[in-house]
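Heads up: the structure comes next, in structure tokens.
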Amino acid sequence: DALSTQTVAFSHYNNISAQLPIDPETGTLVSGGVAEQTAQCLKNIKAIIESVGHAMGDAVKVNICLRNIEDLDAANEAYAAFFPEGKPARRVIGVGSLPMGALVQIDAIFGNAEGTPPTA
């Protein structure tokens with residue numbers, strides 16, 4: 001997308017652009033429901049953040065847009081697998097539509113240095 005970059009580092013934070021559930025090999029939305037699409041969004045975020053030398057455990061804030069807020073339980077199941085050792089701050093909102101007809105879109109902010117570790 002010419003209007004944004006995948007990741008922008010600023011001060012102690014790395015901001016990841018919103019990711020759609022696109023399979024990077026095919027360039028199309030993954031098949032399945034919101035759980036599969038949530039997992040793909042987070043796989044895309046994981047690949048980006050690892051490419052700049054960080055890990056999912058460095059997440060400090062995650063924003064999730066769901067086309068149907070009633071899909072939250074399914075999204076949470078997929079989401080939990082990516083954050084087993086802590087939970088970043090999070091915002092979930094319901095939206096009317098998403099690009100490409102996606103069911104979910106996720107962006108995140110990662111810390112590069114000092115901070116207060118998340119607690120259960």
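Labels for the structure tokens follow display order: chains A, B, ..., residues from 1 in each chain, ligands from 1.
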Next on the checklist: Let's see if you can do this: from backbone DSSP, list all alpha helix (DSSP H) residues in chain A, as a list in words.
Outcome noted: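 Those residues are Val34, Ala35, Glu36, Gln37, Thr38, Ala39, Gln40, Cys41, Leu42, Lys43, Asn44, Ile45, Lys46, Ala47, Ile48, Ile49, Glu50, Ser51, Leu72, Asp73, Ala74, Ala75, Asn76, Glu77, Ala78, Tyr79 and Ala80 of chain A.
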Checklist entry - Which neighbours of A:Glu77 fall inside 12 Å, counting only C-alpha atoms, when residues of the same chain fewer than 4 positions from it are skipped, and could you give them as a list in words? => result Val34, Ala35, Glu36, Gln37, Thr38, Ala39, Asp71, Leu72, Asp73, Ala81, Phe82, Phe83 and Pro84 of chain A
Next on the checklist: At a cut-off of 6 Å, using only C-alpha atoms, what residues contact A:Cys41? Leave out same-chain residues fewer than 2 positions from it and give the result as a ChimeraX atom specification.
Outcome noted: /A:19-21,38-39,43-44
Would you put the residues from that selection into a file with C-alpha atoms, as a PDB file, in the first residue's frame?
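Full text of selection-v4.pdb as output:
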ATOM      1  CA  GLN A  19      -2.734  -6.251   8.764  1.00  0.00           C
ATOM      2  CA  LEU A  20      -5.466  -7.995   6.846  1.00  0.00           C
ATOM      3  CA  PRO A  21      -5.696 -11.819   6.901  1.00  0.00           C
ATOM      4  CA  THR A  38      -7.288 -13.594  13.158  1.00  0.00           C
ATOM      5  CA  ALA A  39      -4.455 -16.134  13.195  1.00  0.00           C
ATOM      6  CA  LYS A  43       1.154 -14.395  11.674  1.00  0.00           C
ATOM      7  CA  ASN A  44       1.691 -11.407   9.400  1.00  0.00           C
TER       8      ASN A  44
END
Item to check | Among listed residues A:Asn14, A:Ser31, A:Asn63, A:Ser51, nearest A:Gln105 (using only C-alpha atoms) | outcome: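 Nearest candidate to A:Gln105 out of A:Asn14, A:Ser31, A:Asn63, A:Ser51: A:Asn63.
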Item to check | Secondary structure check, strand (DSSP E) residues of stretch 51-86 of chain A, as a PyMOL selection string | outcome: chain A and resi 59-66
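In this model, the gap between atom CA of A:Gln40 and atom CA of A:Ile22 comes to 6.8 Å.
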Checklist entry - Near A:Arg91, within 12 Å and counting only C-alpha atoms, which residues show up once chain neighbours fewer than 5 positions away are dropped, as a PyMOL selection string? => result chain A and resi 60-66+72+106-109
Those same residues - N, CA and C atoms - I'd like them written as a PDB file, in the first residue's frame.
ATOM      1  N   VAL A  60       3.017  -4.118  23.202  1.00  0.00           N
ATOM      2  CA  VAL A  60       2.474  -3.320  24.298  1.00  0.00           C
ATOM      3  C   VAL A  60       1.017  -2.925  24.049  1.00  0.00           C
ATOM      4  N   LYS A  61       0.579  -2.924  22.784  1.00  0.00           N
ATOM      5  CA  LYS A  61      -0.802  -2.558  22.468  1.00  0.00           C
ATOM      6  C   LYS A  61      -1.206  -3.229  21.172  1.00  0.00           C
ATOM      7  N   VAL A  62      -2.404  -3.802  21.168  1.00  0.00           N
ATOM      8  CA  VAL A  62      -2.966  -4.439  19.978  1.00  0.00           C
ATOM      9  C   VAL A  62      -4.363  -3.865  19.755  1.00  0.00           C
ATOM     10  N   ASN A  63      -4.642  -3.498  18.516  1.00  0.00           N
ATOM     11  CA  ASN A  63      -5.962  -2.990  18.137  1.00  0.00           C
ATOM     12  C   ASN A  63      -6.585  -3.962  17.147  1.00  0.00           C
ATOM     13  N   ILE A  64      -7.792  -4.408  17.450  1.00  0.00           N
ATOM     14  CA  ILE A  64      -8.492  -5.376  16.606  1.00  0.00           C
ATOM     15  C   ILE A  64      -9.792  -4.759  16.110  1.00  0.00           C
ATOM     16  N   CYS A  65      -9.992  -4.828  14.798  1.00  0.00           N
ATOM     17  CA  CYS A  65     -11.258  -4.406  14.201  1.00  0.00           C
ATOM     18  C   CYS A  65     -11.975  -5.657  13.713  1.00  0.00           C
ATOM     19  N   LEU A  66     -13.178  -5.862  14.205  1.00  0.00           N
ATOM     20  CA  LEU A  66     -13.989  -7.016  13.804  1.00  0.00           C
ATOM     21  C   LEU A  66     -15.200  -6.540  13.011  1.00  0.00           C
ATOM     22  N   LEU A  72     -16.108 -12.102  18.612  1.00  0.00           N
ATOM     23  CA  LEU A  72     -15.018 -11.865  19.563  1.00  0.00           C
ATOM     24  C   LEU A  72     -14.493 -13.143  20.198  1.00  0.00           C
ATOM     25  N   ILE A 106      -5.921  -6.219  12.145  1.00  0.00           N
ATOM     26  CA  ILE A 106      -5.225  -6.014  13.415  1.00  0.00           C
ATOM     27  C   ILE A 106      -3.971  -5.176  13.196  1.00  0.00           C
ATOM     28  N   ASP A 107      -3.755  -4.203  14.094  1.00  0.00           N
ATOM     29  CA  ASP A 107      -2.488  -3.475  14.129  1.00  0.00           C
ATOM     30  C   ASP A 107      -1.921  -3.574  15.536  1.00  0.00           C
ATOM     31  N   ALA A 108      -0.641  -3.241  15.705  1.00  0.00           N
ATOM     32  CA  ALA A 108      -0.015  -3.411  17.011  1.00  0.00           C
ATOM     33  C   ALA A 108       1.146  -2.449  17.206  1.00  0.00           C
ATOM     34  N   ILE A 109       1.469  -2.218  18.464  1.00  0.00           N
ATOM     35  CA  ILE A 109       2.627  -1.411  18.854  1.00  0.00           C
ATOM     36  C   ILE A 109       3.514  -2.298  19.725  1.00  0.00           C
TER      37      ILE A 109
END
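Comparing the minimum interatomic distances between A:Gly101 and each of A:His54, A:His12, A:Arg67, A:Lys46, counting only C-alpha atoms, we find that A:Arg67 sits nearest.
One finds atom CA of A:Ile69 at 7.9 Å from atom CA of A:Val95.
Note that the spacing between atom CA of A:Pro88 and atom CA of A:Ala59 amounts to 5.8 Å.
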